[in-house]
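Novice: Structure file entry.tsv, TSV, C-alpha atoms, is pasted below:
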```
chain	number	residue	atom	x	y	z
A	1	MET	CA	-37.30	-20.28	3.54
A	2	PHE	CA	-34.50	-22.62	2.50
A	3	LEU	CA	-33.18	-22.38	-1.06
A	4	ASP	CA	-32.81	-26.01	-2.08
A	5	ASN	CA	-32.15	-25.42	-5.78
A	6	LYS	CA	-28.85	-27.01	-6.72
A	7	ASN	CA	-28.39	-25.12	-10.01
A	8	ILE	CA	-26.71	-21.83	-9.21
A	9	ILE	CA	-25.57	-18.78	-11.13
A	10	LEU	CA	-23.21	-16.54	-9.16
A	11	LEU	CA	-23.86	-12.79	-9.50
A	12	SER	CA	-21.27	-10.27	-8.34
A	13	THR	CA	-22.04	-6.56	-8.08
A	14	GLY	CA	-19.76	-3.60	-7.40
A	15	SER	CA	-17.83	-0.85	-9.11
A	16	PHE	CA	-15.02	-3.00	-10.63
A	17	ASN	CA	-12.92	0.13	-10.81
A	18	PRO	CA	-10.84	-1.55	-12.21
A	19	PRO	CA	-11.58	-5.29	-12.20
A	20	THR	CA	-8.76	-7.11	-10.43
A	21	ASN	CA	-7.55	-10.69	-10.47
A	22	MET	CA	-9.15	-11.08	-7.03
A	23	HIS	CA	-12.58	-10.29	-8.49
A	24	LEU	CA	-12.10	-13.21	-10.87
A	25	ARG	CA	-10.50	-15.41	-8.22
A	26	MET	CA	-13.65	-15.16	-6.08
A	27	PHE	CA	-15.67	-16.92	-8.78
A	28	GLU	CA	-13.16	-19.76	-8.97
A	29	ILE	CA	-12.95	-20.16	-5.18
A	30	ALA	CA	-16.75	-20.17	-4.86
A	31	ARG	CA	-17.22	-22.68	-7.68
A	32	ASP	CA	-14.73	-25.13	-6.15
A	33	HIS	CA	-16.42	-24.94	-2.75
A	34	LEU	CA	-19.99	-25.22	-4.06
A	35	ASN	CA	-19.08	-28.16	-6.26
A	36	ARG	CA	-17.78	-29.96	-3.17
A	37	LEU	CA	-21.16	-29.33	-1.55
A	38	GLY	CA	-22.88	-31.10	-4.45
A	39	LEU	CA	-24.16	-27.91	-6.08
A	40	THR	CA	-23.92	-27.16	-9.79
A	41	ILE	CA	-22.51	-23.81	-10.91
A	42	CYS	CA	-24.23	-23.02	-14.20
A	43	GLY	CA	-22.34	-19.77	-14.77
A	44	GLY	CA	-21.39	-16.40	-13.36
A	45	LEU	CA	-22.37	-12.79	-13.95
A	46	ILE	CA	-20.65	-9.49	-13.21
A	47	SER	CA	-22.92	-6.47	-12.92
A	48	PRO	CA	-21.00	-3.18	-12.53
A	49	THR	CA	-22.70	-0.31	-10.74
A	50	HIS	CA	-24.24	2.72	-12.45
A	51	ASP	CA	-22.21	5.89	-13.02
A	52	SER	CA	-24.52	7.78	-10.64
A	53	TYR	CA	-23.24	5.75	-7.68
A	54	LYS	CA	-21.06	8.78	-6.86
A	55	LYS	CA	-18.00	6.86	-5.77
A	56	LYS	CA	-14.67	8.67	-5.70
A	57	ASP	CA	-12.51	8.15	-8.79
A	58	LEU	CA	-15.23	6.04	-10.45
A	59	ALA	CA	-14.35	5.54	-14.11
A	60	PRO	CA	-17.23	5.82	-16.61
A	61	SER	CA	-19.20	2.61	-17.02
A	62	LEU	CA	-18.22	2.50	-20.69
A	63	HIS	CA	-14.62	1.92	-19.64
A	64	ARG	CA	-15.45	-0.34	-16.69
A	65	CYS	CA	-17.56	-2.63	-18.87
A	66	ALA	CA	-14.79	-2.75	-21.47
A	67	MET	CA	-12.22	-3.64	-18.80
A	68	ILE	CA	-14.46	-6.37	-17.40
A	69	GLU	CA	-14.82	-7.90	-20.85
A	70	GLN	CA	-11.04	-7.85	-21.22
A	71	ALA	CA	-10.60	-9.49	-17.82
A	72	LEU	CA	-13.19	-12.20	-18.57
A	73	VAL	CA	-11.18	-13.43	-21.53
A	74	ALA	CA	-9.41	-15.60	-18.93
A	75	LEU	CA	-12.69	-16.67	-17.30
A	76	PRO	CA	-15.14	-17.56	-20.10
A	77	TRP	CA	-17.78	-19.16	-17.85
A	78	VAL	CA	-18.46	-15.75	-16.30
A	79	LYS	CA	-20.16	-13.03	-18.36
A	80	LEU	CA	-20.71	-9.30	-18.19
A	81	SER	CA	-24.23	-7.98	-17.59
A	82	ASP	CA	-24.59	-4.32	-18.56
A	83	TRP	CA	-28.26	-4.08	-17.53
A	84	GLU	CA	-27.46	-2.16	-14.35
A	85	VAL	CA	-25.33	0.51	-16.04
A	86	LYS	CA	-28.03	1.07	-18.68
A	87	GLN	CA	-30.67	2.08	-16.15
A	88	ASN	CA	-31.60	5.72	-15.54
A	89	GLY	CA	-29.82	5.75	-12.21
A	90	TRP	CA	-28.35	3.69	-9.40
A	91	THR	CA	-30.19	0.40	-8.79
A	92	ARG	CA	-30.45	-1.38	-5.43
A	93	THR	CA	-28.79	-4.79	-5.22
A	94	ARG	CA	-32.13	-6.44	-4.46
A	95	GLN	CA	-33.53	-5.14	-7.75
A	96	VAL	CA	-30.44	-6.28	-9.66
A	97	LEU	CA	-30.88	-9.80	-8.32
A	98	GLN	CA	-34.60	-9.73	-9.04
A	99	TYR	CA	-34.11	-8.65	-12.65
A	100	HIS	CA	-31.54	-11.34	-13.41
A	101	GLN	CA	-33.54	-14.07	-11.67
A	102	ASN	CA	-36.68	-13.12	-13.62
A	103	HIS	CA	-34.74	-12.86	-16.87
A	104	LEU	CA	-33.16	-16.28	-16.43
A	105	ASN	CA	-36.51	-17.83	-15.50
A	106	MET	CA	-37.97	-16.40	-18.70
A	107	ILE	CA	-35.09	-17.78	-20.76
A	108	ILE	CA	-35.48	-21.26	-19.30
A	109	THR	CA	-39.27	-21.26	-19.78
A	110	SER	CA	-39.03	-20.04	-23.35
A	111	ARG	CA	-36.37	-22.59	-24.28
A	112	LEU	CA	-38.35	-25.44	-22.81
A	113	ASN	CA	-41.62	-24.39	-24.42
A	114	GLY	CA	-40.12	-23.04	-27.62
A	115	SER	CA	-42.66	-20.24	-27.43
A	116	ILE	CA	-40.74	-16.99	-27.14
A	117	LYS	CA	-37.34	-16.07	-28.46
A	118	VAL	CA	-35.34	-14.23	-25.82
A	119	ASP	CA	-31.75	-13.13	-25.42
A	120	THR	CA	-29.74	-16.04	-24.04
A	121	SER	CA	-26.36	-14.29	-24.00
A	122	LEU	CA	-26.22	-14.29	-20.20
A	123	LEU	CA	-26.27	-18.07	-19.97
A	124	PRO	CA	-23.37	-20.44	-20.68
A	125	VAL	CA	-23.63	-22.39	-23.94
A	126	GLN	CA	-23.65	-25.74	-22.12
A	127	LEU	CA	-26.68	-24.76	-20.05
A	128	ILE	CA	-28.57	-23.65	-23.16
A	129	GLU	CA	-27.78	-26.97	-24.85
A	130	ASN	CA	-29.01	-28.88	-21.80
A	131	LEU	CA	-32.28	-26.95	-21.88
A	132	ASN	CA	-32.89	-28.20	-25.41
A	133	VAL	CA	-33.10	-31.76	-24.10
A	134	SER	CA	-36.73	-32.51	-23.36
A	135	ASP	CA	-36.78	-34.23	-19.98
A	136	SER	CA	-39.70	-33.62	-17.67
A	137	ASN	CA	-37.71	-35.00	-14.74
A	138	GLN	CA	-34.81	-32.61	-15.28
A	139	ASN	CA	-34.48	-29.85	-12.70
A	140	THR	CA	-33.99	-26.80	-14.90
A	141	ALA	CA	-34.63	-24.10	-12.29
A	142	VAL	CA	-31.67	-21.83	-11.61
A	143	ASN	CA	-31.02	-19.84	-8.45
A	144	VAL	CA	-29.17	-16.52	-8.82
A	145	ARG	CA	-27.03	-16.04	-5.73
A	146	LEU	CA	-25.11	-12.96	-4.69
A	147	LEU	CA	-21.36	-13.58	-4.63
A	148	CYS	CA	-19.58	-11.16	-2.34
A	149	GLY	CA	-16.70	-10.65	0.05
A	150	ALA	CA	-17.03	-10.59	3.81
A	151	ASP	CA	-16.72	-6.80	3.69
A	152	LEU	CA	-20.05	-6.53	1.86
A	153	LEU	CA	-21.70	-8.84	4.38
A	154	GLU	CA	-20.42	-6.71	7.23
A	155	SER	CA	-21.67	-3.55	5.51
A	156	PHE	CA	-25.21	-4.74	6.32
A	157	ALA	CA	-24.56	-3.36	9.82
A	158	VAL	CA	-23.65	0.15	8.63
A	159	PRO	CA	-26.55	2.43	9.65
A	160	GLY	CA	-28.47	3.85	6.69
A	161	LEU	CA	-26.44	2.02	4.05
A	162	TRP	CA	-28.88	-0.85	3.44
A	163	ASN	CA	-32.66	-1.04	3.60
A	164	ASP	CA	-33.65	-3.62	6.20
A	165	ASP	CA	-36.32	-5.10	3.92
A	166	ASP	CA	-33.73	-5.43	1.14
A	167	ILE	CA	-31.32	-7.32	3.39
A	168	GLU	CA	-34.02	-9.80	4.37
A	169	ALA	CA	-35.21	-10.24	0.78
A	170	ILE	CA	-31.67	-10.83	-0.49
A	171	VAL	CA	-30.85	-13.61	1.99
A	172	ARG	CA	-34.37	-15.09	1.92
A	173	ASP	CA	-35.09	-15.11	-1.82
A	174	TYR	CA	-31.62	-15.33	-3.40
A	175	GLY	CA	-28.99	-16.28	-0.84
A	176	LEU	CA	-25.35	-15.32	-0.40
A	177	VAL	CA	-22.02	-16.90	-1.20
A	178	VAL	CA	-19.51	-15.07	0.99
A	179	VAL	CA	-15.76	-15.34	0.40
A	180	SER	CA	-13.96	-14.54	3.63
A	181	ARG	CA	-10.91	-12.32	3.74
A	182	SER	CA	-8.03	-11.99	6.17
A	183	GLY	CA	-9.19	-10.55	9.49
A	184	SER	CA	-12.90	-11.09	8.82
A	185	ASN	CA	-15.21	-13.37	10.78
A	186	PRO	CA	-18.42	-13.82	8.77
A	187	HIS	CA	-19.75	-16.58	11.05
A	188	LYS	CA	-19.56	-14.26	14.06
A	189	PHE	CA	-21.23	-11.48	12.09
A	190	ILE	CA	-24.06	-13.81	11.04
A	191	TYR	CA	-24.52	-14.86	14.67
A	192	GLU	CA	-24.81	-11.23	15.79
A	193	SER	CA	-27.55	-10.47	13.22
A	194	ASN	CA	-31.08	-11.71	13.83
A	195	VAL	CA	-32.03	-11.51	10.15
A	196	LEU	CA	-28.91	-13.33	8.93
A	197	THR	CA	-29.27	-15.98	11.62
A	198	LYS	CA	-32.90	-16.53	10.59
A	199	TYR	CA	-31.82	-17.32	7.02
A	200	MET	CA	-28.33	-18.64	7.72
A	201	ALA	CA	-29.10	-21.81	5.74
A	202	ASN	CA	-29.09	-19.61	2.62
A	203	ILE	CA	-25.63	-18.18	3.39
A	204	ILE	CA	-22.63	-20.19	2.23
A	205	VAL	CA	-19.30	-19.02	3.66
A	206	VAL	CA	-16.21	-19.87	1.62
A	207	THR	CA	-12.83	-19.58	3.30
A	208	GLU	CA	-10.01	-18.32	1.11
A	209	TRP	CA	-6.96	-20.05	2.56
A	210	ILE	CA	-4.61	-18.45	0.04
A	211	THR	CA	-5.06	-14.91	1.27
A	212	ASN	CA	-4.93	-12.09	-1.23
A	213	GLU	CA	-5.50	-8.47	-0.23
A	214	VAL	CA	-5.66	-7.07	-3.75
A	215	SER	CA	-8.22	-4.29	-4.06
A	216	SER	CA	-9.24	-1.86	-6.78
A	217	THR	CA	-8.32	1.04	-4.47
A	218	LYS	CA	-4.74	-0.21	-4.10
A	219	VAL	CA	-4.46	-0.84	-7.84
A	220	ARG	CA	-5.64	2.70	-8.64
A	221	ARG	CA	-3.13	4.10	-6.17
A	222	ALA	CA	-0.30	2.11	-7.74
A	223	LEU	CA	-1.32	3.23	-11.24
A	224	SER	CA	-1.44	6.89	-10.20
A	225	ARG	CA	2.10	6.53	-8.82
A	226	ASN	CA	3.35	4.83	-11.97
A	227	GLU	CA	4.05	1.64	-10.00
A	228	SER	CA	3.78	-1.87	-11.38
A	229	VAL	CA	0.40	-3.62	-11.22
A	230	LYS	CA	1.62	-6.77	-12.93
A	231	PHE	CA	-0.16	-9.89	-11.64
A	232	LEU	CA	-2.74	-7.71	-9.83
A	233	ILE	CA	-4.86	-7.12	-12.92
A	234	SER	CA	-4.81	-8.83	-16.28
A	235	GLU	CA	-2.40	-7.54	-18.89
A	236	LEU	CA	-5.34	-6.79	-21.19
A	237	VAL	CA	-6.93	-4.61	-18.52
A	238	GLU	CA	-3.64	-2.84	-17.82
A	239	SER	CA	-3.17	-2.13	-21.53
A	240	TYR	CA	-6.70	-0.76	-21.78
A	241	ILE	CA	-6.15	1.52	-18.78
A	242	LYS	CA	-2.96	3.00	-20.18
A	243	GLU	CA	-4.35	3.28	-23.69
A	244	HIS	CA	-7.25	5.39	-22.41
A	245	GLY	CA	-5.31	7.25	-19.72
A	246	LEU	CA	-7.48	6.06	-16.83
A	247	TYR	CA	-6.55	6.62	-13.17
A	248	GLU	CA	-4.04	9.38	-13.91
A	249	THR	CA	-1.89	7.19	-16.13
A	250	LEU	CA	-1.80	9.95	-18.77
A	251	ASN	CA	0.44	11.92	-16.40
A	252	HIS	CA	3.23	9.41	-16.90
A	253	ASP	CA	5.47	9.45	-19.96
A	254	ASN	CA	7.76	6.44	-19.98
A	255	THR	CA	9.09	6.96	-23.47
A	256	LEU	CA	12.82	7.34	-23.85
A	257	LYS	CA	14.19	10.63	-25.11
A	258	ILE	CA	16.64	10.27	-28.02
A	259	TYR	CA	19.15	13.05	-28.62
A	260	PRO	CA	20.91	12.91	-32.01
A	261	MET	CA	24.70	13.07	-31.97
A	262	ASP	CA	27.12	14.46	-34.52
A	263	ASP	CA	30.65	13.17	-35.18
A	264	LYS	CA	32.46	15.43	-32.72
A	265	LYS	CA	29.90	16.67	-30.19
A	266	LEU	CA	27.97	14.93	-27.41
A	267	ASN	CA	24.72	16.42	-26.07
A	268	ILE	CA	24.11	15.65	-22.43
A	269	ASP	CA	21.23	16.75	-20.15
A	270	GLU	CA	22.49	18.00	-16.82
A	271	PRO	CA	19.40	18.22	-14.57
A	272	ASP	CA	21.49	19.21	-11.54
A	273	ASN	CA	22.07	22.75	-12.82
A	274	LEU	CA	19.93	23.07	-15.97
A	275	HIS	CA	16.28	22.71	-16.87
A	276	CYS	CA	15.50	19.34	-18.40
A	277	THR	CA	14.65	20.99	-21.71
A	278	GLU	CA	18.09	22.57	-22.00
A	279	LYS	CA	21.20	20.83	-23.28
A	280	ARG	CA	24.82	21.54	-22.79
A	281	VAL	CA	27.15	20.80	-25.67
A	282	ILE	CA	30.36	19.17	-24.49
A	283	ASN	CA	33.32	18.34	-26.62
A	284	CYS	CA	33.67	14.62	-26.84
A	285	LYS	CA	37.38	14.78	-25.98
A	286	ASN	CA	36.53	16.29	-22.58
A	287	SER	CA	33.89	13.66	-21.81
A	288	LYS	CA	34.42	10.28	-20.19
A	289	VAL	CA	33.58	8.39	-23.38
A	290	ARG	CA	36.67	6.60	-24.69
A	291	ASN	CA	37.27	4.20	-27.55
A	292	VAL	CA	39.06	1.18	-26.05
A	293	ALA	CA	39.68	-0.38	-29.48
A	294	GLU	CA	42.29	2.22	-30.45
A	295	SER	CA	45.20	3.72	-28.60
A	296	LYS	CA	44.33	7.31	-29.42
A	297	GLU	CA	41.24	9.12	-28.18
A	298	ASN	CA	38.99	9.13	-31.23
A	299	CYS	CA	35.35	9.93	-30.65
A	300	SER	CA	32.72	7.40	-31.59
A	301	LYS	CA	29.11	8.13	-32.53
A	302	VAL	CA	26.96	7.70	-29.47
A	303	ALA	CA	23.41	8.46	-28.36
A	304	ILE	CA	22.25	8.76	-24.79
A	305	LEU	CA	18.66	7.69	-24.01
A	306	VAL	CA	17.26	9.09	-20.77
A	307	SER	CA	13.94	7.91	-19.32
A	308	GLU	CA	11.84	9.89	-16.83
A	309	ASN	CA	12.84	7.60	-13.96
A	310	GLY	CA	16.51	8.35	-14.53
A	311	ILE	CA	17.61	5.24	-16.41
A	312	ILE	CA	20.37	6.10	-18.89
A	313	GLU	CA	21.24	3.96	-21.88
A	314	VAL	CA	24.28	4.65	-24.08
A	315	ILE	CA	24.23	3.42	-27.67
A	316	SER	CA	27.44	3.52	-29.72
A	317	ASP	CA	28.76	2.37	-33.08
A	318	MET	CA	31.89	1.10	-31.31
A	319	GLU	CA	32.69	-0.55	-28.02
A	320	THR	CA	32.83	2.25	-25.46
A	321	MET	CA	33.45	2.60	-21.79
A	322	VAL	CA	31.82	5.25	-19.60
```
Using structure tokens, write down the structure from this file.
Specialist:
Amino acid sequence: MFLDNKNIILLSTGSFNPPTNMHLRMFEIARDHLNRLGLTICGGLISPTHDSYKKKDLAPSLHRCAMIEQALVALPWVKLSDWEVKQNGWTRTRQVLQYHQNHLNMIITSRLNGSIKVDTSLLPVQLIENLNVSDSNQNTAVNVRLLCGADLLESFAVPGLWNDDDIEAIVRDYGLVVVSRSGSNPHKFIYESNVLTKYMANIIVVTEWITNEVSSTKVRRALSRNESVKFLISELVESYIKEHGLYETLNHDNTLKIYPMDDKKLNIDEPDNLHCTEKRVINCKNSKVRNVAESKENCSKVAILVSENGIIEVISDMETMV
């Protein structure tokens, strides 16, 4: 069976734990490629997996959905579908595709007939407006296709991971848009699979020439180590993660400690021989702080700010030299 429908909605499934810029980039890469093939991308959907998926370090779906919505601020033609996370348990990818295809078919039919009011939030505004135009010759059917990376395609070969009937139904009834990654060879994998070769006309392989190995696993690792994730995830997602203490970010305190000074004394932490909570009081005249504006050694008012990563900032009411 060859899927000849030219109106396509891209559906991406997974944990999105957290959603990365590469997750969003896949939609853009796929849209560019499919447009060049003469296909019309009507929109995109992200369907995060259920909490019962039992994946290590999986954040609650409440947070993952919120992060996806934050990430999609920069990609308005793609929308979040929370249907999967609202089910009683984990849902197979075939069923996720089937639900969204049936739901979109019902939306299109109801809009054309004006018979039933249904939720149209999953469809782009432009597509809804086009459906309002009565044209019997207009092809309004939409094909929901699974957007995935080459790693998901190759997971079809993992024993016991996928149901054989599900694999055949996915490529036969919905089709795949596969974005290749560095080191992967999806064409070779398709050749080595009888089922994929049978329906290879329904599999569109998109080569990502600007390679990017960003993954949620690497982002979580960086966050747990208090390392920068700038340009790997959106700033809105990063802010949400730190605000809610996800992925061990609550263990990091980057606030600067401020120690008040008096006129004649300087409080300095000396972690080499004291606990960080202790302070040693040192007479300012015996310290290395000197006022270079006057000839005599008068003490100025200073404050030392010490961050957890060892950065020291000296603030003074006069020009000082340390």
Novice: Quote the spacing between atom CA of Ser180 of chain A and atom CA of Leu3 of chain A in Å to one decimal place.
Specialist: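 Taking atom CA of Ser180 of chain A and atom CA of Leu3 of chain A, their separation equals 21.3 Å.
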Novice: To one decimal place in Å, what is the distance between atom CA of Ser216 of chain A and atom CA of Ala59 of chain A?
Specialist: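 Rounded to one decimal, the two atoms are 11.6 Å apart.
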Novice: Residues of segment 125-229 of chain A that approach segment 24-47 of chain A to 8 Å or less, counting all atoms listed in the file: could you list each one with the shortest pair of atoms and its distance in Å to one decimal, rows by chain and increasing residue number, as CSV?
Specialist:
```
residue,atom,partner,partner_atom,distance
A:Leu127,CA,A:Cys42,CA,6.6
A:Val142,CA,A:Cys42,CA,8.0
A:Leu147,CA,A:Phe27,CA,7.8
A:Val177,CA,A:Ala30,CA,7.2
A:Val179,CA,A:Met26,CA,6.8
A:Val206,CA,A:Ala30,CA,6.5
A:Glu208,CA,A:Ile29,CA,7.2
```
Novice: With distances taken over all atoms listed in the file, which residue among A:Gln70, A:Asn17, A:Ser110, A:Gln98 lies nearest Asp51 of chain A?
Specialist: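 Result for the nearest residue to Asp51 of chain A: A:Asn17.
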Novice: How many Å separate atom CA of Ile8 of chain A from atom CA of Asp165 of chain A?
Specialist: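 Those two atoms sit 23.3 Å apart.
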Novice: Using all atoms listed in the file, which of A:Leu72, A:Met67, A:Val144, A:Val195 sits nearest His103 of chain A?
Specialist: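 Of the candidates, the smallest distance to His103 of chain A is held by A:Val144.
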Novice: I'd like to know which of A:Val73, A:Arg181, A:His23, A:Phe189 is closest to Glu235 of chain A, using all atoms listed in the file.
Specialist: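 The closest residue to Glu235 of chain A is A:Val73.
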Novice: Which one of A:Lys56, A:Lys86, A:Arg94, A:Lys6 sits closest to Asp164 of chain A if you count only C-alpha atoms?
Specialist: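 The answer is A:Arg94, which sits nearest to Asp164 of chain A.
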Novice: Which residue, A:Leu58, A:Pro48, A:Thr140, A:Ala66, has the smallest gap to Leu236 of chain A when you use only C-alpha atoms?
Specialist: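 So, comparing all the options, the nearest one is A:Ala66.
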Novice: Taking only C-alpha atoms into account, which of A:Ser15, A:Gln101, A:Glu154, A:Arg111 comes nearest Val85 of chain A?
Specialist: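 Among the listed residues, A:Ser15 lies closest to Val85 of chain A.
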Novice: When you get a chance, write out N, CA and C atoms for segment 157-169 of chain A, as a compact mmCIF listing (two decimals), in the frame of the given file.
Specialist:
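Just written: selection-v1.txt:
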```
# COMPACT_ATOMS: atom_id res chain seq x y z
N ALA A 157 -24.42 -3.96 8.49
CA ALA A 157 -24.56 -3.36 9.82
C ALA A 157 -24.34 -1.86 9.82
N VAL A 158 -23.90 -1.29 8.70
CA VAL A 158 -23.65 0.15 8.63
C VAL A 158 -25.00 0.88 8.61
N PRO A 159 -25.25 1.75 9.57
CA PRO A 159 -26.55 2.43 9.65
C PRO A 159 -26.85 3.26 8.39
N GLY A 160 -28.04 3.06 7.83
CA GLY A 160 -28.47 3.85 6.69
C GLY A 160 -27.94 3.40 5.35
N LEU A 161 -27.04 2.44 5.32
CA LEU A 161 -26.44 2.02 4.05
C LEU A 161 -27.37 1.05 3.31
N TRP A 162 -27.99 0.14 4.04
CA TRP A 162 -28.88 -0.85 3.44
C TRP A 162 -30.29 -0.69 4.00
N ASN A 163 -31.28 -0.96 3.15
CA ASN A 163 -32.66 -1.04 3.60
C ASN A 163 -32.88 -2.39 4.27
N ASP A 164 -33.47 -2.37 5.45
CA ASP A 164 -33.65 -3.62 6.20
C ASP A 164 -34.47 -4.65 5.42
N ASP A 165 -35.51 -4.19 4.72
CA ASP A 165 -36.32 -5.10 3.92
C ASP A 165 -35.51 -5.72 2.79
N ASP A 166 -34.58 -4.92 2.22
CA ASP A 166 -33.73 -5.43 1.14
C ASP A 166 -32.80 -6.53 1.64
N ILE A 167 -32.22 -6.31 2.82
CA ILE A 167 -31.32 -7.32 3.39
C ILE A 167 -32.05 -8.64 3.57
N GLU A 168 -33.25 -8.58 4.14
CA GLU A 168 -34.02 -9.80 4.37
C GLU A 168 -34.40 -10.47 3.06
N ALA A 169 -34.82 -9.67 2.07
CA ALA A 169 -35.21 -10.24 0.78
C ALA A 169 -34.03 -10.89 0.07
```
